[in-house]
$ cat coords01.tsv   # TSV, C-alpha atoms
chain	number	residue	atom	x	y	z
A	877	MET	CA	13.33	32.42	-5.98
A	878	ASN	CA	11.87	32.51	-2.47
A	879	ASP	CA	12.30	28.84	-1.72
A	880	ALA	CA	13.21	28.12	1.90
A	881	TRP	CA	14.42	24.96	3.61
A	882	TYR	CA	13.10	23.91	7.00
A	883	LEU	CA	13.20	21.05	9.50
A	884	GLU	CA	9.82	19.71	10.55
A	885	SER	CA	9.29	18.01	13.90
A	886	ILE	CA	6.28	16.50	15.65
A	887	ALA	CA	5.21	18.15	18.88
A	888	ALA	CA	4.03	16.31	21.96
A	889	ASP	CA	0.39	17.00	21.02
A	890	GLY	CA	0.88	15.46	17.55
A	891	SER	CA	1.01	18.76	15.66
A	892	ARG	CA	3.82	19.48	13.22
A	893	VAL	CA	6.27	22.31	13.79
A	894	LYS	CA	8.44	23.83	11.06
A	895	GLN	CA	11.86	25.14	12.08
A	896	PRO	CA	13.11	27.49	9.30
A	897	ILE	CA	16.78	27.25	8.35
A	898	ARG	CA	17.85	30.89	8.37
A	899	GLN	CA	21.57	30.51	7.70
A	900	TRP	CA	24.10	28.00	6.42
A	901	PRO	CA	25.72	25.89	7.63
A	902	LEU	CA	23.24	24.79	10.29
A	903	ARG	CA	24.82	23.05	13.26
A	904	ILE	CA	22.61	20.83	15.44
A	905	GLY	CA	23.37	19.82	19.01
A	906	ARG	CA	22.83	20.38	22.75
A	907	GLU	CA	25.14	23.39	23.20
A	908	ALA	CA	23.64	26.88	23.12
A	909	ASP	CA	25.93	28.04	20.30
A	910	ASN	CA	24.36	25.64	17.77
A	911	GLY	CA	22.03	26.96	15.09
A	912	LEU	CA	19.44	24.41	16.19
A	913	VAL	CA	19.63	23.71	19.90
A	914	VAL	CA	18.07	20.40	20.91
A	915	PRO	CA	18.59	19.89	24.64
A	916	LEU	CA	18.05	16.15	24.73
A	917	ALA	CA	20.29	13.62	26.41
A	918	GLY	CA	20.52	11.58	23.21
A	919	LEU	CA	22.34	14.34	21.33
A	920	SER	CA	25.99	15.30	21.51
A	921	ARG	CA	27.02	18.85	22.29
A	922	GLN	CA	27.79	19.41	18.62
A	923	HIS	CA	26.01	16.55	16.90
A	924	ALA	CA	25.74	17.21	13.15
A	925	GLU	CA	25.86	19.91	10.51
A	926	LEU	CA	23.72	20.69	7.48
A	927	ALA	CA	25.44	22.64	4.71
A	928	CYS	CA	24.33	23.97	1.32
A	929	GLY	CA	26.96	23.57	-1.39
A	930	HIS	CA	27.66	25.78	-4.40
A	931	ASP	CA	25.68	23.32	-6.50
A	932	GLY	CA	22.60	23.92	-4.34
A	933	ARG	CA	22.61	20.44	-2.86
A	934	LEU	CA	22.38	19.90	0.88
A	935	ARG	CA	24.83	17.69	2.73
A	936	LEU	CA	24.58	16.28	6.22
A	937	THR	CA	27.77	15.63	8.16
A	938	ASP	CA	27.83	13.85	11.50
A	939	LEU	CA	30.32	15.53	13.84
A	940	GLY	CA	31.49	12.40	15.58
A	941	SER	CA	28.38	12.14	17.73
A	942	THR	CA	27.90	9.35	20.25
A	943	ASN	CA	24.50	8.15	19.03
A	944	GLY	CA	24.91	8.93	15.33
A	945	SER	CA	22.94	10.71	12.64
A	946	TYR	CA	20.61	8.85	10.29
A	947	VAL	CA	19.08	9.56	6.88
A	948	ASN	CA	15.94	7.54	6.15
A	949	GLY	CA	16.99	4.92	8.67
A	950	ARG	CA	20.60	4.58	7.49
A	951	ARG	CA	23.52	5.88	9.52
A	952	ALA	CA	25.21	8.84	7.86
A	953	GLU	CA	28.89	8.22	7.21
A	954	GLY	CA	31.02	11.19	6.18
A	955	SER	CA	29.14	13.78	4.11
A	956	THR	CA	25.74	12.54	2.92
A	957	VAL	CA	23.63	14.30	0.28
A	958	VAL	CA	20.09	14.90	1.57
A	959	GLY	CA	16.99	16.33	-0.04
A	960	GLU	CA	13.34	17.18	0.33
A	961	ASP	CA	11.29	14.75	2.44
A	962	ASP	CA	14.33	12.90	3.79
A	963	VAL	CA	13.86	11.84	7.41
A	964	LEU	CA	16.81	12.94	9.55
A	965	ILE	CA	17.43	11.51	13.00
A	966	PHE	CA	19.98	13.01	15.38
A	967	GLY	CA	20.37	10.69	18.34
A	968	THR	CA	16.80	10.68	19.66
A	969	ALA	CA	15.46	13.72	17.78
A	970	GLU	CA	13.64	13.18	14.49
A	971	TYR	CA	12.99	15.70	11.72
A	972	ARG	CA	11.76	15.76	8.17
A	973	LEU	CA	13.65	18.00	5.76
A	974	GLY	CA	11.21	20.18	3.86
A	975	LEU	CA	11.29	22.83	1.15
A	976	GLN	CA	8.83	25.73	1.13
A	977	ARG	CA	8.40	26.85	-2.48
A	978	GLY	CA	7.10	30.19	-3.62
A	979	PRO	CA	6.65	33.61	-2.06
A	980	GLU	CA	4.70	32.57	1.03
A	981	PRO	CA	7.07	32.92	4.00
A	982	LEU	CA	7.56	30.25	6.61
A	983	PRO	CA	6.08	30.95	10.04
A	984	PRO	CA	8.58	32.07	12.64
A	985	ALA	CA	10.21	29.34	14.72
A	986	ARG	CA	8.40	28.50	17.92
A	987	ASP	CA	10.09	29.48	21.12
A	988	ASP	CA	8.58	26.62	23.09
A	989	ASP	CA	10.43	24.16	25.27
A	990	ALA	CA	12.18	21.26	23.58
A	991	ASP	CA	9.34	18.98	24.71
A	992	ASP	CA	7.08	20.78	22.22
A	993	ARG	CA	9.56	20.70	19.35
A	994	THR	CA	10.84	17.16	19.46
A	995	GLN	CA	9.76	13.75	20.55
A	996	ILE	CA	11.76	12.76	23.61
A	997	VAL	CA	12.79	9.14	24.16
A	998	GLN	CA	15.11	7.71	26.74
A	999	LEU	CA	18.79	7.54	25.94
A	1000	GLY	CA	19.57	4.22	24.30
A	1001	ALA	CA	15.98	3.64	23.14
A	1002	ALA	CA	15.15	3.04	19.52
A	1003	ALA	CA	14.95	6.06	17.23
A	1004	PRO	CA	11.40	7.46	17.14
A	1005	GLN	CA	10.71	7.13	13.39
A	1006	ARG	CA	7.43	9.03	13.41
A	1007	PHE	CA	8.04	10.49	9.97
A	1008	VAL	CA	7.69	8.26	6.91
A	1009	PRO	CA	10.04	8.74	3.95
A	1010	HIS	CA	8.27	9.53	0.65
A	1011	GLU	CA	5.08	10.68	2.38
A	1012	ARG	CA	4.65	13.60	-0.03
A	1013	GLN	CA	5.09	11.38	-3.08
A	1014	PHE	CA	2.63	8.86	-1.65
A	1015	MET	CA	0.01	11.59	-1.21
A	1016	GLU	CA	0.61	12.58	-4.83
A	1017	LEU	CA	-0.09	8.98	-5.84
A	1018	LEU	CA	-3.41	9.05	-4.00
A	1019	THR	CA	-4.45	12.07	-6.06
A	1020	GLY	CA	-3.65	10.25	-9.30
A	1021	ARG	CA	-0.05	11.10	-10.14
A	1022	GLY	CA	1.70	7.91	-11.26
A	1023	LEU	CA	-1.31	5.62	-10.89
A	1024	SER	CA	-1.59	2.88	-13.48
A	1025	ALA	CA	-3.15	-0.54	-13.73
A	1026	ALA	CA	-2.88	-3.92	-15.38
A	1027	VAL	CA	-5.33	-6.75	-15.97
A	1028	GLN	CA	-4.91	-10.51	-15.95
A	1029	PRO	CA	-7.31	-12.83	-17.78
A	1030	ILE	CA	-9.47	-15.38	-16.01
A	1031	VAL	CA	-10.47	-18.21	-18.32
A	1032	ASP	CA	-12.92	-21.07	-18.48
A	1033	ALA	CA	-11.21	-24.26	-17.32
A	1034	ALA	CA	-12.70	-26.46	-20.04
A	1035	GLY	CA	-12.11	-24.50	-23.24
A	1036	ARG	CA	-9.98	-21.64	-21.89
A	1037	GLN	CA	-12.26	-19.00	-23.35
A	1038	LEU	CA	-11.92	-15.60	-21.72
A	1039	PHE	CA	-14.32	-15.31	-18.78
A	1040	ALA	CA	-13.18	-12.13	-17.00
A	1041	TYR	CA	-10.21	-9.99	-16.06
A	1042	GLU	CA	-8.73	-9.19	-12.66
A	1043	LEU	CA	-7.69	-5.59	-12.11
A	1044	LEU	CA	-4.20	-5.14	-10.64
A	1045	GLY	CA	-3.05	-1.79	-9.24
A	1046	ARG	CA	0.29	-0.46	-10.42
A	1047	SER	CA	2.45	2.63	-9.90
A	1048	GLU	CA	4.57	4.58	-12.35
A	1049	HIS	CA	5.46	7.36	-9.91
A	1050	PRO	CA	9.16	8.08	-10.49
A	1051	GLU	CA	9.94	8.49	-6.78
A	1052	LEU	CA	8.00	5.54	-5.37
A	1053	PRO	CA	8.52	1.77	-5.48
A	1054	LEU	CA	6.78	-0.01	-8.35
A	1055	SER	CA	5.72	-3.03	-6.31
A	1056	PRO	CA	2.14	-2.82	-4.94
A	1057	ALA	CA	3.30	-4.80	-1.90
A	1058	HIS	CA	5.87	-2.13	-1.07
A	1059	LEU	CA	3.32	0.61	-1.66
A	1060	PHE	CA	0.87	-1.03	0.73
A	1061	ALA	CA	3.66	-1.35	3.30
A	1062	LEU	CA	4.19	2.39	2.96
A	1063	ALA	CA	0.44	2.96	3.19
A	1064	ALA	CA	0.31	0.90	6.39
A	1065	ARG	CA	2.92	3.15	8.03
A	1066	LEU	CA	0.75	6.14	7.11
A	1067	GLY	CA	-2.55	4.48	8.04
A	1068	ARG	CA	-3.86	4.87	4.48
A	1069	GLU	CA	-4.26	1.32	3.19
A	1070	ALA	CA	-7.96	1.84	2.43
A	1071	GLU	CA	-7.25	5.04	0.51
A	1072	LEU	CA	-4.58	3.36	-1.61
A	1073	SER	CA	-6.88	0.43	-2.37
A	1074	GLU	CA	-9.65	2.81	-3.43
A	1075	ALA	CA	-7.27	4.91	-5.55
A	1076	PHE	CA	-6.04	1.83	-7.44
A	1077	ARG	CA	-9.57	0.56	-7.95
A	1078	ALA	CA	-11.11	3.88	-9.05
A	1079	HIS	CA	-8.29	4.61	-11.49
A	1080	GLY	CA	-8.24	1.11	-12.94
A	1081	VAL	CA	-11.98	0.69	-13.39
A	1082	THR	CA	-12.29	4.13	-14.96
A	1083	GLN	CA	-9.54	3.31	-17.44
A	1084	ALA	CA	-10.82	-0.19	-18.16
A	1085	ALA	CA	-14.54	0.57	-18.53
A	1086	PRO	CA	-14.50	1.90	-22.12
A	1087	ARG	CA	-12.28	-0.99	-23.23
A	1088	LEU	CA	-14.23	-3.77	-21.52
A	1089	ARG	CA	-17.66	-2.54	-22.69
A	1090	GLY	CA	-19.54	-4.17	-19.84
A	1091	ALA	CA	-17.38	-7.30	-19.52
A	1092	ARG	CA	-16.71	-8.88	-16.11
A	1093	LEU	CA	-13.94	-7.37	-13.97
A	1094	PHE	CA	-12.69	-8.71	-10.63
A	1095	VAL	CA	-11.43	-5.94	-8.32
A	1096	ASN	CA	-9.43	-6.19	-5.11
A	1097	THR	CA	-10.26	-4.75	-1.71
A	1098	HIS	CA	-8.30	-4.19	1.47
A	1099	PRO	CA	-9.62	-5.52	4.82
A	1100	ALA	CA	-9.41	-1.99	6.23
A	1101	GLU	CA	-12.13	-0.73	3.88
A	1102	THR	CA	-14.42	-3.70	3.31
A	1103	PHE	CA	-17.27	-2.75	5.62
A	1104	SER	CA	-17.07	1.06	5.48
A	1105	ASP	CA	-19.72	3.39	4.09
A	1106	GLU	CA	-17.05	5.04	1.93
A	1107	PHE	CA	-16.36	1.69	0.27
A	1108	PHE	CA	-19.99	1.21	-0.79
A	1109	ALA	CA	-20.26	4.82	-1.95
A	1110	ALA	CA	-17.15	4.35	-4.11
A	1111	LEU	CA	-18.63	1.21	-5.68
A	1112	ARG	CA	-21.81	3.11	-6.53
A	1113	ARG	CA	-19.73	5.73	-8.31
A	1114	LEU	CA	-18.05	3.02	-10.38
A	1115	ARG	CA	-21.41	1.47	-11.25
A	1116	ALA	CA	-22.53	4.88	-12.49
A	1117	LEU	CA	-19.74	5.10	-15.09
A	1118	PRO	CA	-20.68	4.96	-18.77
A	1119	GLN	CA	-20.58	1.30	-19.85
A	1120	PRO	CA	-19.56	0.07	-16.38
A	1121	PRO	CA	-17.97	-3.37	-16.23
A	1122	GLU	CA	-19.72	-6.18	-14.39
A	1123	LEU	CA	-17.86	-5.90	-11.11
A	1124	VAL	CA	-16.84	-8.78	-8.85
A	1125	VAL	CA	-15.44	-7.60	-5.53
A	1126	GLU	CA	-12.76	-9.86	-4.05
A	1127	ILE	CA	-13.07	-10.11	-0.26
A	1128	HIS	CA	-9.75	-10.97	1.35
A	1129	GLU	CA	-9.65	-14.02	3.59
A	1130	THR	CA	-8.63	-11.94	6.62
A	1131	ALA	CA	-11.71	-9.71	6.26
A	1132	VAL	CA	-14.14	-12.64	6.54
A	1133	MET	CA	-14.55	-12.64	10.30
A	1134	GLU	CA	-18.24	-12.77	11.29
A	1135	VAL	CA	-21.27	-14.31	9.62
A	1136	ALA	CA	-23.54	-11.38	10.53
A	1137	ARG	CA	-21.20	-8.84	8.97
A	1138	MET	CA	-20.77	-10.97	5.87
A	1139	ARG	CA	-24.55	-11.20	5.46
A	1140	GLU	CA	-24.74	-7.42	5.68
A	1141	LEU	CA	-21.90	-7.04	3.18
A	1142	ALA	CA	-23.52	-9.47	0.73
A	1143	ALA	CA	-26.83	-7.61	0.97
A	1144	GLN	CA	-25.15	-4.23	0.40
A	1145	LEU	CA	-23.27	-5.50	-2.64
A	1146	ALA	CA	-26.39	-7.09	-4.08
A	1147	GLY	CA	-28.19	-3.77	-3.73
A	1148	ILE	CA	-25.46	-2.07	-5.74
A	1149	GLY	CA	-25.46	-4.83	-8.36
A	1150	VAL	CA	-22.01	-6.17	-7.57
A	1151	ALA	CA	-21.03	-9.83	-7.16
A	1152	PHE	CA	-18.35	-10.94	-4.71
A	1153	ALA	CA	-15.66	-13.56	-4.36
A	1154	TYR	CA	-13.82	-15.00	-1.39
A	1155	ASP	CA	-10.15	-14.38	-2.19
A	1156	ASP	CA	-7.10	-16.37	-1.07
A	1157	PHE	CA	-9.30	-19.25	0.09
A	1158	GLY	CA	-7.17	-21.72	2.00
A	1159	ALA	CA	-4.31	-19.30	2.67
A	1160	GLY	CA	-5.09	-19.16	6.38
A	1161	GLN	CA	-8.25	-20.29	8.11
A	1162	ALA	CA	-10.61	-21.76	5.55
A	1163	ARG	CA	-13.58	-19.79	6.96
A	1164	LEU	CA	-15.87	-22.70	6.17
A	1165	ASN	CA	-18.57	-21.42	8.51
A	1166	GLU	CA	-18.83	-18.08	6.70
A	1167	LEU	CA	-18.64	-19.83	3.35
A	1168	GLY	CA	-21.54	-22.11	4.30
A	1169	GLU	CA	-23.68	-19.34	5.79
A	1170	VAL	CA	-22.96	-16.67	3.15
A	1171	PRO	CA	-21.90	-18.40	-0.09
A	1172	ALA	CA	-19.99	-16.18	-2.48
A	1173	HIS	CA	-20.52	-16.07	-6.22
A	1174	TYR	CA	-16.88	-17.14	-6.67
A	1175	VAL	CA	-14.24	-18.74	-4.44
A	1176	LYS	CA	-10.64	-18.11	-5.46
A	1177	PHE	CA	-8.38	-20.87	-4.16
A	1178	ASP	CA	-5.02	-19.51	-3.02
A	1179	MET	CA	-2.11	-20.28	-5.32
A	1180	ALA	CA	-0.32	-22.05	-2.47
A	1181	LEU	CA	-2.94	-24.81	-2.78
A	1182	VAL	CA	-2.65	-24.94	-6.56
A	1183	ARG	CA	1.12	-24.79	-7.07
A	1184	ASP	CA	2.55	-28.26	-7.83
A	1185	LEU	CA	-0.83	-29.79	-7.05
A	1186	ASP	CA	-0.24	-32.46	-9.70
A	1187	SER	CA	2.73	-33.81	-7.72
A	1188	ALA	CA	1.34	-33.15	-4.24
A	1189	PRO	CA	0.74	-36.00	-1.76
A	1190	ALA	CA	-2.56	-37.84	-2.15
A	1191	SER	CA	-3.72	-36.43	1.19
A	1192	LYS	CA	-3.39	-32.81	-0.02
A	1193	GLN	CA	-5.06	-33.62	-3.31
A	1194	ARG	CA	-7.95	-35.21	-1.41
A	1195	VAL	CA	-8.37	-32.10	0.76
A	1196	VAL	CA	-8.42	-29.75	-2.25
A	1197	ARG	CA	-10.81	-32.05	-4.14
A	1198	ASP	CA	-13.21	-32.10	-1.18
A	1199	LEU	CA	-13.07	-28.31	-0.83
A	1200	VAL	CA	-13.83	-27.85	-4.53
A	1201	ARG	CA	-16.80	-30.19	-4.20
A	1202	LEU	CA	-18.04	-28.27	-1.15
A	1203	VAL	CA	-17.77	-24.95	-2.97
A	1204	ARG	CA	-19.72	-26.28	-5.94
A	1205	ASP	CA	-22.40	-27.83	-3.68
A	1206	LEU	CA	-22.91	-24.40	-2.08
A	1207	GLY	CA	-23.55	-22.87	-5.49
A	1208	SER	CA	-20.26	-20.98	-5.76
A	1209	VAL	CA	-17.84	-21.11	-8.69
A	1210	PRO	CA	-14.37	-22.47	-7.77
A	1211	LEU	CA	-11.43	-20.63	-9.33
A	1212	ALA	CA	-7.82	-21.88	-9.25
A	1213	GLU	CA	-5.25	-19.09	-8.91
A	1214	GLY	CA	-1.61	-19.40	-9.90
A	1215	VAL	CA	-1.98	-22.09	-12.57
A	1216	GLU	CA	1.40	-22.15	-14.29
A	1217	THR	CA	1.80	-25.58	-15.90
A	1218	GLU	CA	-0.29	-27.89	-18.05
A	1219	ALA	CA	0.04	-30.58	-15.37
A	1220	GLU	CA	-1.46	-28.27	-12.74
A	1221	ALA	CA	-4.23	-27.30	-15.14
A	1222	ALA	CA	-5.07	-30.93	-15.86
A	1223	VAL	CA	-5.40	-31.94	-12.21
A	1224	CYS	CA	-7.38	-28.79	-11.36
A	1225	ARG	CA	-9.80	-29.43	-14.20
A	1226	GLU	CA	-10.20	-33.05	-13.10
A	1227	MET	CA	-10.91	-31.89	-9.52
A	1228	GLY	CA	-13.79	-29.72	-10.70
A	1229	PHE	CA	-12.37	-26.20	-10.90
A	1230	SER	CA	-14.47	-24.08	-13.26
A	1231	LEU	CA	-12.05	-21.20	-13.81
A	1232	PHE	CA	-8.28	-20.74	-14.12
A	1233	GLN	CA	-6.06	-17.74	-13.53
A	1234	GLY	CA	-2.29	-17.78	-13.89
A	1235	TRP	CA	0.68	-17.37	-16.17
A	1236	LEU	CA	-0.25	-20.48	-18.14
A	1237	THR	CA	-3.42	-18.85	-19.45
A	1238	GLY	CA	-2.38	-15.21	-19.47
A	1239	ARG	CA	0.07	-12.86	-17.79
A	1240	PRO	CA	-0.91	-9.37	-16.60
A	1241	ILE	CA	-0.89	-6.68	-19.28
A	1242	PRO	CA	-1.26	-2.89	-19.02
A	1243	ILE	CA	-4.85	-1.74	-19.47
A	1244	ARG	CA	-3.85	0.34	-22.49
A	1245	GLN	CA	-3.08	-2.91	-24.35
A	1246	LEU	CA	-6.65	-4.19	-24.01
$ encode --input "coords01.tsv" --output "structure tokens"
Amino acid sequence: MNDAWYLESIAADGSRVKQPIRQWPLRIGREADNGLVVPLAGLSRQHAELACGHDGRLRLTDLGSTNGSYVNGRRAEGSTVVGEDDVLIFGTAEYRLGLQRGPEPLPPARDDDADDRTQIVQLGAAAPQRFVPHERQFMELLTGRGLSAAVQPIVDAAGRQLFAYELLGRSEHPELPLSPAHLFALAARLGREAELSEAFRAHGVTQAAPRLRGARLFVNTHPAETFSDEFFAALRRLRALPQPPELVVEIHETAVMEVARMRELAAQLAGIGVAFAYDDFGAGQARLNELGEVPAHYVKFDMALVRDLDSAPASKQRVVRDLVRLVRDLGSVPLAEGVETEAEAAVCREMGFSLFQGWLTGRPIPIRQL
């Protein structure tokens, strides 16, 4: 085995520097006799120690430092087991613990000034937190490892016949959170929300296409990708699949900002042969101007408007009823999201909603169960 541990830091120019760990234990601090000398005011003279036990596991021990040692944002108390990709912070110096596998040797440590090896912040300032825990696993997810998907039925409001499915991204990566919301929070820290959205969509549509046999499939988008050339190119690839589903792209409410851009988006989607829906309608600004100027094929009313609508004040019911009427007058199809009770379904149907989606009419299921 030629595996070698290292500490990775971010230089002042944004590049990443790997500091090989040549001997154990490794002591970190300001004094010259430490294995890793970090001459920053935020570190103690002898700040912390990394040791490799007989079982091969690494342990970090804080040596009574003034500003503490942290593992993935949590203060290390006593001896803490650490591993690959953990983010270690010593006072004001931040590192990622890495493992170089295989015969290729690590480059020699740089002999630059501390300014080039660590990010310097003033004593007492917040820890830098430029590394993101689970970055490696997240990049694996983007390449397909652990990607999965589910679908939820969308039904006709009158007879509840199946009208379409909505594709929902999921993760089965053993080292990442299962919740898409948590994954997108991680993606935001890495600046990769658009890539995660595209990975979910590409995987899900590819898996669903042979099972749906051309049926209608609503797919989500992220505001960061909605108007990019890469987004349209990815949709063209999905349309080129054997037996592609009839795609409906959901445009998030926060992405609907300008009429001119929406007109361009609608034209691009029409050229690809893809319909679109305004998603989360009513969650924030209603975007009535964009809705009137560029009507969507579908308008999905946010579940916050639908939940307990049967017992809502008459004023709220009147507002929702008027919005449904407006949507229908513009030629769009109103869809009620989050329908969970028969009472909600009854009032939504009476108000003029054409489509329902929610636990009452079908919970999400894995694509493999289609």
$ atom_distance --input "coords01.tsv" --atom1 "CA of Ala1033 in chain A" --atom2 "CA of Phe1229 in chain A"
6.8 Å
$ atom_distance --input "coords01.tsv" --atom1 "CA of Glu1071 in chain A" --atom2 "CA of Leu1145 in chain A"
19.4 Å
$ axis_aligned_box --input "coords01.tsv" --around "range 1037-1054 of chain A" --padding-each-side "4 Å" --output "lines of an AutoDock Vina configuration file"
center_x = -2.2
center_y = -5.3
center_z = -14.4
size_x = 32.3
size_y = 35.5
size_z = 26.0
$ atom_distance --input "coords01.tsv" --atom1 "CA of Gly1238 in chain A" --atom2 "CA of Gly1035 in chain A"
14.0 Å
$ residues_around --input "coords01.tsv" --residues "Ala1172 in chain A" --least-positions-apart "3" --cutoff "9 Å" --atoms "all atoms listed in the file" --output "list in words"
Ala1142, Ala1151, Phe1152, Ala1153, Tyr1154, Leu1167, Val1175, Leu1206, Gly1207, Ser1208 and Val1209 of chain A
$ write_last_selection --input "coords01.tsv" --atoms "C-alpha atoms" --output "compact mmCIF listing (two decimals), in the frame of the given file"
# COMPACT_ATOMS: atom_id res chain seq x y z
CA ALA A 1142 -23.52 -9.47 0.73
CA ALA A 1151 -21.03 -9.83 -7.16
CA PHE A 1152 -18.35 -10.94 -4.71
CA ALA A 1153 -15.66 -13.56 -4.36
CA TYR A 1154 -13.82 -15.00 -1.39
CA LEU A 1167 -18.64 -19.83 3.35
CA VAL A 1175 -14.24 -18.74 -4.44
CA LEU A 1206 -22.91 -24.40 -2.08
CA GLY A 1207 -23.55 -22.87 -5.49
CA SER A 1208 -20.26 -20.98 -5.76
CA VAL A 1209 -17.84 -21.11 -8.69
$ residues_near_point --input "coords01.tsv" --point "(-0.5, 7.5, 6.6)" --cutoff "9 Å" --atoms "all atoms listed in the file" --output "ChimeraX atom specification"
/A:1008,1011,1014-1015,1062-1069
$ residues_around --input "coords01.tsv" --residues "range 966-968 of chain A" --least-positions-apart "6" --cutoff "6 Å" --atoms "all atoms listed in the file" --output "list of chain:residue names"
A:Gly918, A:Leu919, A:Asn943, A:Gly944, A:Ser945, A:Ala1003
$ write_last_selection --input "coords01.tsv" --atoms "C-alpha atoms" --output "mmCIF file, in the frame of the given file"
data_model
loop_
_atom_site.group_PDB
_atom_site.id
_atom_site.type_symbol
_atom_site.label_atom_id
_atom_site.label_comp_id
_atom_site.auth_asym_id
_atom_site.auth_seq_id
_atom_site.Cartn_x
_atom_site.Cartn_y
_atom_site.Cartn_z
ATOM 1 C CA GLY A 918 20.520 11.580 23.210
ATOM 2 C CA LEU A 919 22.340 14.340 21.330
ATOM 3 C CA ASN A 943 24.500 8.150 19.030
ATOM 4 C CA GLY A 944 24.910 8.930 15.330
ATOM 5 C CA SER A 945 22.940 10.710 12.640
ATOM 6 C CA ALA A 1003 14.950 6.060 17.230
#
$ residues_around --input "coords01.tsv" --residues "Leu1185 in chain A" --least-positions-apart "3" --cutoff "8 Å" --atoms "all atoms listed in the file" --output "list of chain:residue names"
A:Leu1181, A:Val1182, A:Ala1188, A:Gln1193, A:Glu1220, A:Val1223, A:Cys1224
$ closest_residue --input "coords01.tsv" --among "A:Ala1061, A:Ile897, A:Ala1136, A:Ala1078" --to "Arg1115 in chain A" --atoms "only C-alpha atoms"
A:Ala1078
$ closest_residue --input "coords01.tsv" --among "A:Asp961, A:Asp889, A:Glu1101, A:Glu1218" --to "Glu1051 in chain A" --atoms "only C-alpha atoms"
A:Asp961
